[in-house]
>>> print(open('target.csv').read())   # CSV, C-alpha atoms and all ligand atoms
chain,number,residue,atom,x,y,z
A,1,MET,CA,224.4,-11.0,178.2
A,2,THR,CA,227.0,-13.7,177.5
A,3,THR,CA,229.8,-11.6,175.8
A,4,THR,CA,231.1,-8.3,177.0
A,5,LEU,CA,230.4,-5.4,174.7
A,6,ARG,CA,233.3,-3.0,174.2
A,7,ALA,CA,232.2,0.6,174.4
A,8,ALA,CA,233.9,3.9,173.5
A,9,ILE,CA,232.8,7.4,174.2
A,10,ILE,CA,233.7,10.1,171.7
A,11,GLY,CA,233.6,13.7,173.1
A,12,THR,CA,234.3,13.7,176.8
A,13,GLY,CA,232.5,17.0,177.7
A,14,SER,CA,229.5,17.4,180.0
A,15,VAL,CA,226.9,14.9,178.7
A,16,ALA,CA,229.6,12.2,178.4
A,17,THR,CA,229.6,12.0,182.2
A,18,LEU,CA,226.0,10.7,182.1
A,19,HIS,CA,226.9,8.0,179.6
A,20,ALA,CA,229.9,6.9,181.6
A,21,ARG,CA,227.8,6.7,184.8
A,22,SER,CA,225.0,4.8,183.0
A,23,LEU,CA,227.5,2.3,181.7
A,24,ASP,CA,228.8,1.7,185.2
A,25,HIS,CA,225.4,0.2,186.2
A,26,ILE,CA,225.1,-2.2,183.2
A,27,GLU,CA,226.5,-5.7,183.2
A,28,GLY,CA,228.2,-7.1,180.1
A,29,VAL,CA,229.7,-3.8,178.9
A,30,GLU,CA,233.1,-2.3,179.4
A,31,LEU,CA,234.2,1.3,178.6
A,32,VAL,CA,237.4,0.5,176.8
A,33,ALA,CA,238.3,3.8,175.1
A,34,VAL,CA,237.5,7.5,175.0
A,35,ALA,CA,238.5,10.3,172.6
A,36,ASP,CA,238.3,14.0,172.6
A,37,VAL,CA,240.1,16.6,170.4
A,38,MET,CA,240.8,18.8,173.4
A,39,PRO,CA,244.3,17.9,174.6
A,40,GLY,CA,244.3,16.0,177.9
A,41,ARG,CA,240.5,16.0,178.2
A,42,ALA,CA,240.0,12.3,177.2
A,43,ARG,CA,242.7,11.1,179.7
A,44,GLU,CA,241.3,13.2,182.5
A,45,PHE,CA,237.8,11.8,181.8
A,46,ALA,CA,239.1,8.2,181.7
A,47,ASP,CA,240.9,8.6,185.0
A,48,GLU,CA,237.7,9.8,186.6
A,49,HIS,CA,235.3,7.2,185.1
A,50,ALA,CA,237.2,4.2,183.8
A,51,ALA,CA,240.9,4.2,184.7
A,52,ALA,CA,241.7,1.2,182.4
A,53,ALA,CA,240.2,2.9,179.4
A,54,HIS,CA,242.6,4.1,176.7
A,55,ALA,CA,242.5,7.8,175.8
A,56,TYR,CA,242.9,9.2,172.2
A,57,ASP,CA,242.8,12.6,170.7
A,58,SER,CA,240.5,11.7,167.8
A,59,LEU,CA,238.0,9.1,166.7
A,60,GLU,CA,240.3,8.1,163.9
A,61,ALA,CA,243.2,7.4,166.3
A,62,LEU,CA,240.8,5.4,168.5
A,63,PHE,CA,239.5,3.2,165.6
A,64,ALA,CA,243.1,2.6,164.4
A,65,ALA,CA,244.1,1.1,167.7
A,66,GLU,CA,240.9,-0.5,169.2
A,67,ARG,CA,238.1,-2.9,168.2
A,68,VAL,CA,234.9,-1.4,169.6
A,69,ASP,CA,231.3,-2.8,169.6
A,70,VAL,CA,229.4,0.3,170.6
A,71,VAL,CA,230.3,4.0,170.0
A,72,HIS,CA,228.7,6.7,172.1
A,73,LEU,CA,228.7,10.0,170.2
A,74,CYS,CA,228.8,12.8,172.8
A,75,THR,CA,230.4,15.4,170.5
A,76,PRO,CA,228.8,18.6,169.2
A,77,PRO,CA,226.0,17.8,166.7
A,78,GLY,CA,227.9,19.2,163.7
A,79,VAL,CA,230.2,16.1,163.7
A,80,HIS,CA,227.7,13.4,164.6
A,81,ALA,CA,227.0,12.4,160.9
A,82,PRO,CA,230.6,11.8,159.8
A,83,GLN,CA,231.5,10.2,163.1
A,84,ALA,CA,228.5,7.8,163.0
A,85,VAL,CA,229.3,6.9,159.4
A,86,ALA,CA,232.9,6.1,160.4
A,87,ALA,CA,231.7,4.1,163.4
A,88,PHE,CA,229.3,2.0,161.2
A,89,ALA,CA,232.2,1.4,158.8
A,90,HIS,CA,234.3,0.2,161.8
A,91,GLY,CA,231.5,-2.3,162.5
A,92,ALA,CA,230.1,-0.7,165.7
A,93,HIS,CA,226.6,0.1,166.8
A,94,VAL,CA,226.1,3.8,167.5
A,95,ILE,CA,224.4,5.6,170.4
A,96,ALA,CA,224.3,9.3,169.4
A,97,GLU,CA,223.3,12.3,171.5
A,98,LYS,CA,220.5,14.5,170.4
A,99,PRO,CA,220.2,16.2,168.1
A,100,PRO,CA,221.3,13.4,165.9
A,101,ALA,CA,222.4,15.6,163.0
A,102,LEU,CA,222.2,19.1,161.5
A,103,SER,CA,219.7,18.2,158.8
A,104,LEU,CA,217.3,15.4,157.7
A,105,ALA,CA,219.7,14.7,154.8
A,106,GLU,CA,222.6,14.1,157.3
A,107,LEU,CA,220.3,11.9,159.4
A,108,GLN,CA,219.4,9.9,156.4
A,109,SER,CA,223.1,9.3,155.6
A,110,MET,CA,223.5,7.9,159.1
A,111,THR,CA,220.5,5.7,158.9
A,112,ASP,CA,221.6,4.4,155.5
A,113,ALA,CA,225.1,3.7,156.8
A,114,ALA,CA,223.7,1.8,159.8
A,115,ALA,CA,221.5,-0.3,157.4
A,116,SER,CA,224.3,-1.2,155.0
A,117,ALA,CA,226.6,-2.1,157.9
A,118,GLY,CA,223.8,-4.1,159.6
A,119,ARG,CA,224.4,-2.2,162.9
A,120,GLU,CA,221.9,-0.4,165.2
A,121,PHE,CA,221.6,3.3,165.4
A,122,ALA,CA,220.1,4.8,168.6
A,123,VAL,CA,219.5,8.5,169.3
A,124,VAL,CA,219.3,9.6,172.9
A,125,PHE,CA,215.8,11.1,173.4
A,126,GLN,CA,215.7,10.1,177.1
A,127,GLN,CA,212.4,11.9,177.9
A,128,ARG,CA,210.6,9.0,176.3
A,129,THR,CA,211.8,6.7,179.0
A,130,GLY,CA,210.4,6.0,182.5
A,131,SER,CA,207.5,4.0,183.7
A,132,ALA,CA,205.0,7.0,183.6
A,133,ALA,CA,205.6,7.9,179.9
A,134,ASP,CA,205.3,4.2,179.1
A,135,HIS,CA,202.0,3.9,181.0
A,136,VAL,CA,200.5,7.0,179.5
A,137,LYS,CA,201.6,6.0,175.9
A,138,ARG,CA,200.0,2.6,176.3
A,139,LEU,CA,196.7,4.1,177.5
A,140,LEU,CA,196.7,6.8,174.8
A,141,ASP,CA,197.4,4.1,172.1
A,142,ALA,CA,194.6,1.9,173.5
A,143,GLY,CA,192.1,4.8,173.3
A,144,ALA,CA,191.5,4.7,177.1
A,145,PHE,CA,191.4,8.5,177.3
A,146,GLY,CA,189.2,8.9,174.1
A,147,ARG,CA,190.5,11.2,171.4
A,148,ALA,CA,193.3,13.6,172.1
A,149,LEU,CA,192.1,17.1,171.2
A,150,PHE,CA,194.5,19.8,172.3
A,151,ALA,CA,198.0,19.8,173.6
A,152,THR,CA,200.6,22.3,174.9
A,153,CYS,CA,204.3,21.6,174.9
A,154,ASN,CA,206.5,24.1,176.6
A,155,THR,CA,210.3,24.1,177.1
A,156,LEU,CA,210.9,27.2,179.0
A,157,TRP,CA,214.6,27.2,180.1
A,158,PHE,CA,217.3,29.7,180.9
A,159,ARG,CA,220.7,29.8,179.3
A,160,ASP,CA,222.9,32.8,179.9
A,161,ALA,CA,225.7,34.4,177.9
A,162,GLU,CA,228.3,32.2,179.5
A,163,TYR,CA,226.5,29.1,178.2
A,164,TYR,CA,226.7,30.6,174.7
A,165,SER,CA,230.4,31.4,175.1
A,166,VAL,CA,231.2,27.8,174.1
A,167,PRO,CA,232.3,28.3,170.5
A,168,TRP,CA,230.0,25.7,168.8
A,169,ARG,CA,226.9,27.0,170.4
A,170,GLY,CA,224.5,29.6,169.0
A,171,ARG,CA,225.8,29.3,165.4
A,172,TRP,CA,223.9,27.7,162.5
A,173,GLU,CA,227.1,26.1,161.2
A,174,THR,CA,228.0,24.2,164.3
A,175,GLU,CA,224.9,23.9,166.5
A,176,GLY,CA,222.6,23.6,163.5
A,177,GLY,CA,219.8,25.6,165.1
A,178,GLY,CA,218.9,27.4,168.3
A,179,THR,CA,217.0,26.5,171.3
A,180,THR,CA,214.3,24.6,169.3
A,181,LEU,CA,216.9,22.1,168.0
A,182,SER,CA,219.0,21.9,171.1
A,183,HIS,CA,216.5,22.1,173.9
A,184,GLY,CA,212.8,22.0,172.7
A,185,ILE,CA,213.5,18.9,170.7
A,186,HIS,CA,213.4,16.8,174.0
A,187,GLN,CA,209.7,17.8,174.8
A,188,ILE,CA,208.7,17.9,171.1
A,189,ASP,CA,210.1,14.3,170.9
A,190,LEU,CA,208.1,13.2,173.9
A,191,LEU,CA,204.9,14.9,172.6
A,192,ALA,CA,205.3,13.1,169.2
A,193,TYR,CA,206.2,9.8,171.0
A,194,LEU,CA,202.8,10.1,172.8
A,195,LEU,CA,200.7,11.5,169.9
A,196,GLY,CA,202.2,9.9,166.8
A,197,ASP,CA,202.8,11.2,163.3
A,198,TRP,CA,202.3,14.9,162.3
A,199,ARG,CA,200.3,16.4,159.5
A,200,GLN,CA,201.2,20.1,159.5
A,201,ALA,CA,203.4,22.7,161.3
A,202,SER,CA,203.7,26.4,161.3
A,203,ALA,CA,206.0,28.5,163.4
A,204,GLN,CA,208.1,31.6,164.0
A,205,LEU,CA,211.6,32.1,165.4
A,206,TRP,CA,212.5,35.0,167.7
A,207,ARG,CA,215.7,36.5,169.1
A,208,GLN,CA,214.7,38.2,172.2
A,209,ALA,CA,217.9,38.6,174.3
A,210,ARG,CA,220.9,36.4,173.6
A,211,ASP,CA,223.8,37.3,171.4
A,212,VAL,CA,223.4,34.3,169.0
A,213,GLN,CA,222.9,33.8,165.3
A,214,THR,CA,220.1,31.4,165.9
A,215,GLU,CA,216.8,31.8,167.8
A,216,ASP,CA,216.4,32.1,171.6
A,217,VAL,CA,212.6,31.6,171.4
A,218,SER,CA,210.3,29.8,169.0
A,219,THR,CA,206.5,29.6,168.9
A,220,GLY,CA,204.6,27.1,166.7
A,221,THR,CA,201.5,25.1,166.1
A,222,ILE,CA,201.6,21.4,165.2
A,223,LEU,CA,198.7,19.4,163.8
A,224,PHE,CA,199.0,15.6,164.3
A,225,GLU,CA,197.6,12.9,162.0
A,226,THR,CA,194.9,12.1,164.7
A,227,GLY,CA,193.7,15.7,164.5
A,228,THR,CA,195.2,16.7,167.8
A,229,VAL,CA,196.4,20.4,167.6
A,230,ALA,CA,199.4,21.4,169.8
A,231,SER,CA,200.8,24.7,170.7
A,232,VAL,CA,204.6,24.4,171.1
A,233,SER,CA,206.9,27.0,172.7
A,234,THR,CA,210.6,26.9,173.3
A,235,SER,CA,212.7,29.5,175.1
A,236,VAL,CA,216.1,30.0,176.8
A,237,VAL,CA,215.1,33.3,178.3
A,238,SER,CA,212.8,32.1,181.0
A,239,PRO,CA,214.1,32.6,184.5
A,240,ARG,CA,211.6,30.2,186.2
A,241,GLU,CA,212.4,27.1,184.2
A,242,THR,CA,210.0,24.3,183.3
A,243,SER,CA,209.4,21.6,180.8
A,244,SER,CA,205.8,20.6,180.4
A,245,ILE,CA,203.3,18.8,178.3
A,246,ARG,CA,199.6,18.9,178.7
A,247,ILE,CA,197.2,16.8,176.6
A,248,ASP,CA,193.5,17.4,176.8
A,249,THR,CA,191.5,14.4,175.6
A,250,GLU,CA,187.8,13.6,175.5
A,251,LEU,CA,188.0,11.9,178.9
A,252,ALA,CA,191.0,13.4,180.8
A,253,THR,CA,193.7,16.0,181.0
A,254,ILE,CA,197.2,14.5,181.2
A,255,THR,CA,200.1,16.6,182.4
A,256,VAL,CA,203.8,16.2,183.0
A,257,ASP,CA,205.6,19.1,184.6
A,258,HIS,CA,209.3,18.7,185.3
A,259,LEU,CA,212.6,20.2,184.2
A,260,TYR,CA,215.2,17.7,182.9
A,261,GLY,CA,213.6,14.4,183.8
A,262,HIS,CA,210.4,13.0,185.2
A,263,GLY,CA,209.2,10.4,187.8
A,264,HIS,CA,205.6,9.5,188.8
A,265,GLU,CA,205.3,12.7,190.9
A,266,ASN,CA,205.6,14.8,187.8
A,267,TRP,CA,202.6,13.2,186.0
A,268,ARG,CA,198.9,13.9,186.7
A,269,ILE,CA,195.9,12.4,185.0
A,270,THR,CA,192.6,14.3,185.8
A,271,PRO,CA,189.3,12.8,184.6
A,272,VAL,CA,186.7,15.0,183.0
A,273,SER,CA,184.4,16.4,185.7
A,274,GLY,CA,181.3,14.4,186.4
A,275,SER,CA,182.8,11.1,185.2
A,276,LEU,CA,181.3,8.2,187.1
A,277,ASP,CA,183.7,5.6,185.7
A,278,ASP,CA,186.4,4.1,188.0
A,279,HIS,CA,189.8,4.7,186.4
A,280,ASP,CA,191.8,2.0,188.1
A,281,ASP,CA,193.6,1.2,184.9
A,282,TRP,CA,194.8,4.9,184.8
A,283,ILE,CA,196.8,4.5,188.1
A,284,LEU,CA,200.5,4.6,187.5
A,285,PRO,CA,202.3,1.2,188.1
A,286,GLU,CA,203.7,0.6,191.6
A,287,GLN,CA,207.2,0.0,190.2
A,288,GLU,CA,208.6,3.4,189.3
A,289,GLU,CA,211.4,4.0,186.9
A,290,ARG,CA,212.5,7.6,186.3
A,291,SER,CA,213.2,8.9,182.8
A,292,GLY,CA,216.8,9.6,182.0
A,293,HIS,CA,220.1,8.4,180.5
A,294,ASP,CA,220.3,5.4,182.8
A,295,ALA,CA,216.9,4.0,181.6
A,296,PHE,CA,217.7,4.8,178.0
A,297,ILE,CA,221.2,3.3,177.8
A,298,ARG,CA,220.1,0.2,179.8
A,299,GLU,CA,217.2,-0.5,177.5
A,300,VAL,CA,219.5,-0.1,174.4
A,301,TYR,CA,222.1,-2.4,175.8
A,302,ASP,CA,219.5,-5.0,176.8
A,303,ALA,CA,218.5,-5.1,173.1
A,304,LEU,CA,222.1,-5.1,171.8
A,305,GLY,CA,223.1,-7.8,174.2
A,306,LYS,CA,220.2,-10.1,173.1
A,307,GLY,CA,220.7,-9.2,169.4
A,308,GLU,CA,217.1,-7.8,169.4
A,309,PRO,CA,215.7,-4.8,167.6
A,310,LEU,CA,216.1,-1.5,169.5
A,311,PRO,CA,213.3,-0.7,171.9
A,312,ALA,CA,210.6,1.9,171.0
A,313,VAL,CA,212.3,4.6,173.1
A,314,ALA,CA,215.3,4.4,170.8
A,315,THR,CA,213.7,4.2,167.4
A,316,SER,CA,212.2,6.7,164.9
A,317,PRO,CA,214.8,9.4,165.5
A,318,ALA,CA,213.6,11.3,162.4
A,319,ARG,CA,210.2,12.3,163.7
A,320,SER,CA,211.3,14.9,166.1
A,321,LEU,CA,214.0,16.2,163.8
A,322,GLU,CA,211.3,16.5,161.1
A,323,LEU,CA,209.2,18.5,163.4
A,324,VAL,CA,212.0,20.8,164.4
A,325,THR,CA,213.0,21.2,160.7
A,326,ALA,CA,209.3,22.0,159.9
A,327,ILE,CA,209.4,24.7,162.6
A,328,TYR,CA,212.5,26.3,160.9
A,329,SER,CA,211.2,25.7,157.5
A,330,SER,CA,207.8,27.3,158.2
A,331,SER,CA,209.6,30.3,159.8
A,332,SER,CA,211.7,30.6,156.6
A,333,THR,CA,208.8,30.3,154.1
A,334,GLY,CA,206.1,32.0,156.2
A,335,ARG,CA,203.6,29.1,155.4
A,336,ALA,CA,202.4,25.9,157.0
A,337,VAL,CA,204.7,22.9,156.3
A,338,THR,CA,203.5,19.3,155.7
A,339,PRO,CA,205.7,16.2,155.5
A,340,ALA,CA,205.4,16.4,151.7
A,341,THR,CA,206.5,20.0,151.4
A,342,LEU,CA,209.2,19.5,154.0
A,343,LYS,CA,211.0,17.2,151.6
A,344,ASP,CA,211.2,20.0,149.0
A,345,ASP,CA,212.1,22.6,151.6
A,346,THR,CA,215.0,20.5,153.0
A,347,ALA,CA,216.3,19.8,149.5
A,348,ARG,CA,216.2,23.5,148.8
A,349,LEU,CA,217.5,24.8,152.1
A,350,GLY,CA,220.2,22.2,152.7
A,351,SER,CA,220.5,23.3,156.3
A,352,LEU,CA,218.1,24.5,159.1
A,353,GLU,CA,219.3,28.1,158.8
A,354,SER,CA,216.2,30.2,158.9
A,355,PRO,CA,215.4,34.0,159.4
A,356,VAL,CA,214.9,35.0,163.0
A,357,THR,CA,212.9,38.1,164.0
A,358,ASP,CA,215.4,40.1,166.1
A,359,GLN,CA,213.6,41.9,168.9
A,360,ARG,CA,216.8,43.1,170.6
A,361,ARG,CA,217.0,46.2,168.5
A,362,LEU,CA,213.7,47.3,170.1
A,363,ARG,CA,215.4,47.8,173.5
B,1,LIG,N1,220.4,14.3,176.1
B,1,LIG,C1,220.7,15.3,176.9
B,1,LIG,O1,220.0,15.6,177.9
B,1,LIG,C2,221.8,16.2,176.5
B,1,LIG,C3,222.3,17.1,177.5
B,1,LIG,C4,223.4,17.9,177.1
B,1,LIG,C5,224.0,17.8,175.9
B,1,LIG,N2,223.4,16.9,174.9
B,1,LIG,C6,224.0,16.8,173.6
B,1,LIG,O2,225.3,16.2,173.7
B,1,LIG,C7,226.2,16.7,172.7
B,1,LIG,C8,227.4,17.3,173.4
B,1,LIG,O3,227.0,18.3,174.3
B,1,LIG,P1,227.9,18.7,175.6
B,1,LIG,O4,227.0,19.7,176.3
B,1,LIG,O5,228.4,17.5,176.3
B,1,LIG,O6,229.0,19.5,174.9
B,1,LIG,P2,230.5,19.8,175.4
B,1,LIG,O7,231.0,20.9,174.6
B,1,LIG,O8,230.5,19.9,176.9
B,1,LIG,O9,231.3,18.4,175.0
B,1,LIG,C9,231.6,18.1,173.7
B,1,LIG,C10,233.0,17.5,173.7
B,1,LIG,O10,233.3,17.0,172.4
B,1,LIG,C11,234.7,17.3,172.1
B,1,LIG,N3,234.8,17.3,170.6
B,1,LIG,C12,234.4,18.3,169.7
B,1,LIG,N4,234.7,17.9,168.5
B,1,LIG,C13,235.2,16.7,168.5
B,1,LIG,C14,235.6,15.7,167.6
B,1,LIG,N5,235.5,16.0,166.3
B,1,LIG,N6,236.1,14.5,168.0
B,1,LIG,C15,236.1,14.2,169.3
B,1,LIG,N7,235.8,15.1,170.3
B,1,LIG,C16,235.3,16.3,169.9
B,1,LIG,C17,234.9,18.7,172.7
B,1,LIG,O11,236.3,18.9,172.9
B,1,LIG,C18,234.1,18.5,174.0
B,1,LIG,O12,234.9,18.0,175.1
B,1,LIG,C19,225.4,17.7,171.9
B,1,LIG,O13,224.8,17.1,170.8
B,1,LIG,C20,224.3,18.1,172.9
B,1,LIG,O14,223.1,18.6,172.3
B,1,LIG,C21,222.4,16.1,175.3
>>> encode(input="target.csv", output="structure tokens")
Amino acid sequence: MTTTLRAAIIGTGSVATLHARSLDHIEGVELVAVADVMPGRAREFADEHAAAAHAYDSLEALFAAERVDVVHLCTPPGVHAPQAVAAFAHGAHVIAEKPPALSLAELQSMTDAAASAGREFAVVFQQRTGSAADHVKRLLDAGAFGRALFATCNTLWFRDAEYYSVPWRGRWETEGGGTTLSHGIHQIDLLAYLLGDWRQASAQLWRQARDVQTEDVSTGTILFETGTVASVSTSVVSPRETSSIRIDTELATITVDHLYGHGHENWRITPVSGSLDDHDDWILPEQEERSGHDAFIREVYDALGKGEPLPAVATSPARSLELVTAIYSSSSTGRAVTPATLKDDTARLGSLESPVTDQRRLR
């Protein structure tokens, strides 16, 4: 990179720390400003991560005083859309935390604003990154494993009452959805990154234990364009936590079992029994890069610094939000959803709010 990009972080809560640490490792970028609506929080954050950065109590105040090239949105998802649109109007590129928005319509408004400003819009789905995911995707795309037949995608996490005491969590209006939108979306995004476009989804939402408006468990079935069928479960009531994807193809079983990020040790490729072929090309590359914010943010800045299009790990933010929306929509309508019917549903529903089967009254 020849010029230094001036970065700002909006929302200096927990995930912002990962962004600040990632920026520390990248040449040609300087964290010049941070903003948070909570009094004193932005200054405290700047003191810890970038003492020279200016601190503001709103995005508007920051834009009034600074010229910024890249804006990192680490705010709750309910404000991502207006803040991204404001950032594009300011002339900045945007790196937004997942979920990018509370609805596909909001996401479209962000994509449109980026296009008319001629700026890049990256959404952090960091599970796509890392050398193992890259290797497996290349082999799947090349047909090296034969046809993918069946997959499972499980995000089985544990979030207690204290986690949901943060006012914006657990409410349709501010979180936009429950654990499917906030947690499951990571693995669903990786699954769709590996398997491609979807054809149909059906699902149900459940409230098993948490005192939330939204779901704490969801169960669903996704059919991909290739004909691969996937069973997808998401939970925040699972004491032994795991994030896992398994893809059974004609020639192999591919698994990744991890929690919040994966390295080579988390991936396994098992050939079909009796196979006499050598599978040297299946062996993971010697050079390992773990998945995570570091890899994602570095890849995005590499592209921004060179003025190149965003890398594959940062494009197509709509696909996983579509799948999550389809899960909510199917739960609402009681029928299978396709990309064509999803358009009608989202126009009709306007938000992801969907009926949840409340099992807590059975206790
Ligand atoms: N990619 C990941 O692995 C990952 C992990 C955690 C959170 N997230 C996502 O990051 C986002 C933030 O989550 P978090 O856990 O850091 O939340 P958080 O509540 O810890 O932090 C959010 C911060 O934004 C501030 N804020 C709220 N409204 C604002 C506004 N209008 N302008 C400026 N600041 C504002 C809050 O005061 C708070 O400090 C969410 O979208 C979440 O889903 C992603």
>>> residues_near_ligand(input="target.csv", ligand="ligand LIG 1 (chain B)", cutoff="6 Å", atoms="only C-alpha atoms and all ligand atoms", output="mmCIF file with C-alpha atoms, in the frame of the given file")
data_model
loop_
_atom_site.group_PDB
_atom_site.id
_atom_site.type_symbol
_atom_site.label_atom_id
_atom_site.label_comp_id
_atom_site.auth_asym_id
_atom_site.auth_seq_id
_atom_site.Cartn_x
_atom_site.Cartn_y
_atom_site.Cartn_z
ATOM 1 C CA ILE A 10 233.700 10.100 171.700
ATOM 2 C CA GLY A 11 233.600 13.700 173.100
ATOM 3 C CA THR A 12 234.300 13.700 176.800
ATOM 4 C CA GLY A 13 232.500 17.000 177.700
ATOM 5 C CA SER A 14 229.500 17.400 180.000
ATOM 6 C CA VAL A 15 226.900 14.900 178.700
ATOM 7 C CA ALA A 16 229.600 12.200 178.400
ATOM 8 C CA ALA A 35 238.500 10.300 172.600
ATOM 9 C CA ASP A 36 238.300 14.000 172.600
ATOM 10 C CA VAL A 37 240.100 16.600 170.400
ATOM 11 C CA MET A 38 240.800 18.800 173.400
ATOM 12 C CA SER A 58 240.500 11.700 167.800
ATOM 13 C CA LEU A 59 238.000 9.100 166.700
ATOM 14 C CA CYS A 74 228.800 12.800 172.800
ATOM 15 C CA THR A 75 230.400 15.400 170.500
ATOM 16 C CA PRO A 76 228.800 18.600 169.200
ATOM 17 C CA PRO A 77 226.000 17.800 166.700
ATOM 18 C CA VAL A 79 230.200 16.100 163.700
ATOM 19 C CA GLU A 97 223.300 12.300 171.500
ATOM 20 C CA LYS A 98 220.500 14.500 170.400
ATOM 21 C CA PRO A 99 220.200 16.200 168.100
ATOM 22 C CA VAL A 124 219.300 9.600 172.900
ATOM 23 C CA SER A 182 219.000 21.900 171.100
#
>>> residues_around(input="target.csv", residues="Ala144 of chain A", least_positions_apart="2", cutoff="12 Å", atoms="all atoms listed in the file", output="ChimeraX atom specification")
/A:135-142,146-148,249-252,269,271,277,279-282
>>> atom_distance(input="target.csv", atom1="atom CA of Glu289 of chain A", atom2="atom CA of Gln187 of chain A")
18.4 Å
>>> residues_around(input="target.csv", residues="His25 of chain A", least_positions_apart="2", cutoff="12 Å", atoms="all atoms listed in the file", output="number ranges by chain")
A: 18-23, 27-31, 293-295, 297-299, 301
>>> atom_distance(input="target.csv", atom1="atom CA of Ala113 of chain A", atom2="atom CA of Leu73 of chain A")
15.2 Å
>>> atom_distance(input="target.csv", atom1="atom CA of Thr17 of chain A", atom2="atom CA of Ala114 of chain A")
25.3 Å
>>> residues_around(input="target.csv", residues="His93 of chain A", least_positions_apart="6", cutoff="6 Å", atoms="all atoms listed in the file", output="ChimeraX atom specification")
/A:70,119-120
>>> closest_residue(input="target.csv", among="A:Leu284, A:Ala303, A:Ala203, A:Val236", to="Val356 of chain A", atoms="all atoms listed in the file")
A:Ala203
>>> residues_near_point(input="target.csv", point="(196.7, 17.1, 174.1)", cutoff="10 Å", atoms="all atoms listed in the file", output="PyMOL selection string")
chain A and resi 147-153+191+194-195+228-231+245-250+252-255
>>> closest_residue(input="target.csv", among="A:Pro311, A:Gly261, A:Gly184, A:Gly91", to="Ala132 of chain A", atoms="all atoms listed in the file")
A:Gly261
>>> closest_residue(input="target.csv", among="A:Tyr56, A:Phe296, A:Trp206, A:Tyr163", to="Thr357 of chain A", atoms="only C-alpha atoms")
A:Trp206
>>> residues_around(input="target.csv", residues="segment 320-329 of chain A", least_positions_apart="5", cutoff="8 Å", atoms="all atoms listed in the file", output="ChimeraX atom specification")
/A:99,103-104,180-181,185,188-189,192,198,201-205,220,337-339,342,345-346,352-354
>>> decode(input="target.csv", residues="segment 253-263 of chain A", atoms="N, CA, C and O atoms", output="PDB file, in the first residue's frame")
ATOM      1  N   THR A 253     -16.229 -37.875   3.312  1.00  0.00           N
ATOM      2  CA  THR A 253     -16.929 -37.070   4.323  1.00  0.00           C
ATOM      3  C   THR A 253     -15.973 -35.961   4.746  1.00  0.00           C
ATOM      4  O   THR A 253     -14.812 -36.229   5.089  1.00  0.00           O
ATOM      5  N   ILE A 254     -16.469 -34.729   4.710  1.00  0.00           N
ATOM      6  CA  ILE A 254     -15.654 -33.573   5.114  1.00  0.00           C
ATOM      7  C   ILE A 254     -16.285 -33.018   6.387  1.00  0.00           C
ATOM      8  O   ILE A 254     -17.492 -32.763   6.408  1.00  0.00           O
ATOM      9  N   THR A 255     -15.478 -32.840   7.431  1.00  0.00           N
ATOM     10  CA  THR A 255     -16.034 -32.266   8.657  1.00  0.00           C
ATOM     11  C   THR A 255     -15.160 -31.124   9.157  1.00  0.00           C
ATOM     12  O   THR A 255     -13.939 -31.128   8.986  1.00  0.00           O
ATOM     13  N   VAL A 256     -15.813 -30.139   9.777  1.00  0.00           N
ATOM     14  CA  VAL A 256     -15.098 -29.138  10.560  1.00  0.00           C
ATOM     15  C   VAL A 256     -15.837 -29.029  11.886  1.00  0.00           C
ATOM     16  O   VAL A 256     -17.043 -28.815  11.922  1.00  0.00           O
ATOM     17  N   ASP A 257     -15.098 -29.272  12.968  1.00  0.00           N
ATOM     18  CA  ASP A 257     -15.653 -29.223  14.325  1.00  0.00           C
ATOM     19  C   ASP A 257     -14.830 -28.237  15.125  1.00  0.00           C
ATOM     20  O   ASP A 257     -13.630 -28.462  15.339  1.00  0.00           O
ATOM     21  N   HIS A 258     -15.472 -27.162  15.563  1.00  0.00           N
ATOM     22  CA  HIS A 258     -14.735 -26.115  16.281  1.00  0.00           C
ATOM     23  C   HIS A 258     -15.715 -25.385  17.176  1.00  0.00           C
ATOM     24  O   HIS A 258     -16.820 -25.885  17.430  1.00  0.00           O
ATOM     25  N   LEU A 259     -15.327 -24.183  17.637  1.00  0.00           N
ATOM     26  CA  LEU A 259     -16.302 -23.384  18.375  1.00  0.00           C
ATOM     27  C   LEU A 259     -16.428 -22.022  17.706  1.00  0.00           C
ATOM     28  O   LEU A 259     -17.393 -21.758  17.013  1.00  0.00           O
ATOM     29  N   TYR A 260     -15.415 -21.155  17.879  1.00  0.00           N
ATOM     30  CA  TYR A 260     -15.534 -19.808  17.305  1.00  0.00           C
ATOM     31  C   TYR A 260     -14.546 -19.556  16.165  1.00  0.00           C
ATOM     32  O   TYR A 260     -14.467 -18.441  15.652  1.00  0.00           O
ATOM     33  N   GLY A 261     -13.737 -20.556  15.818  1.00  0.00           N
ATOM     34  CA  GLY A 261     -12.777 -20.351  14.744  1.00  0.00           C
ATOM     35  C   GLY A 261     -12.067 -21.662  14.485  1.00  0.00           C
ATOM     36  O   GLY A 261     -12.008 -22.522  15.370  1.00  0.00           O
ATOM     37  N   HIS A 262     -11.542 -21.836  13.266  1.00  0.00           N
ATOM     38  CA  HIS A 262     -10.955 -23.132  12.925  1.00  0.00           C
ATOM     39  C   HIS A 262      -9.558 -23.001  12.328  1.00  0.00           C
ATOM     40  O   HIS A 262      -9.250 -22.041  11.619  1.00  0.00           O
ATOM     41  N   GLY A 263      -8.733 -24.003  12.658  1.00  0.00           N
ATOM     42  CA  GLY A 263      -7.428 -24.182  12.021  1.00  0.00           C
ATOM     43  C   GLY A 263      -7.432 -25.552  11.383  1.00  0.00           C
ATOM     44  O   GLY A 263      -8.456 -26.253  11.390  1.00  0.00           O
TER      45      GLY A 263
END
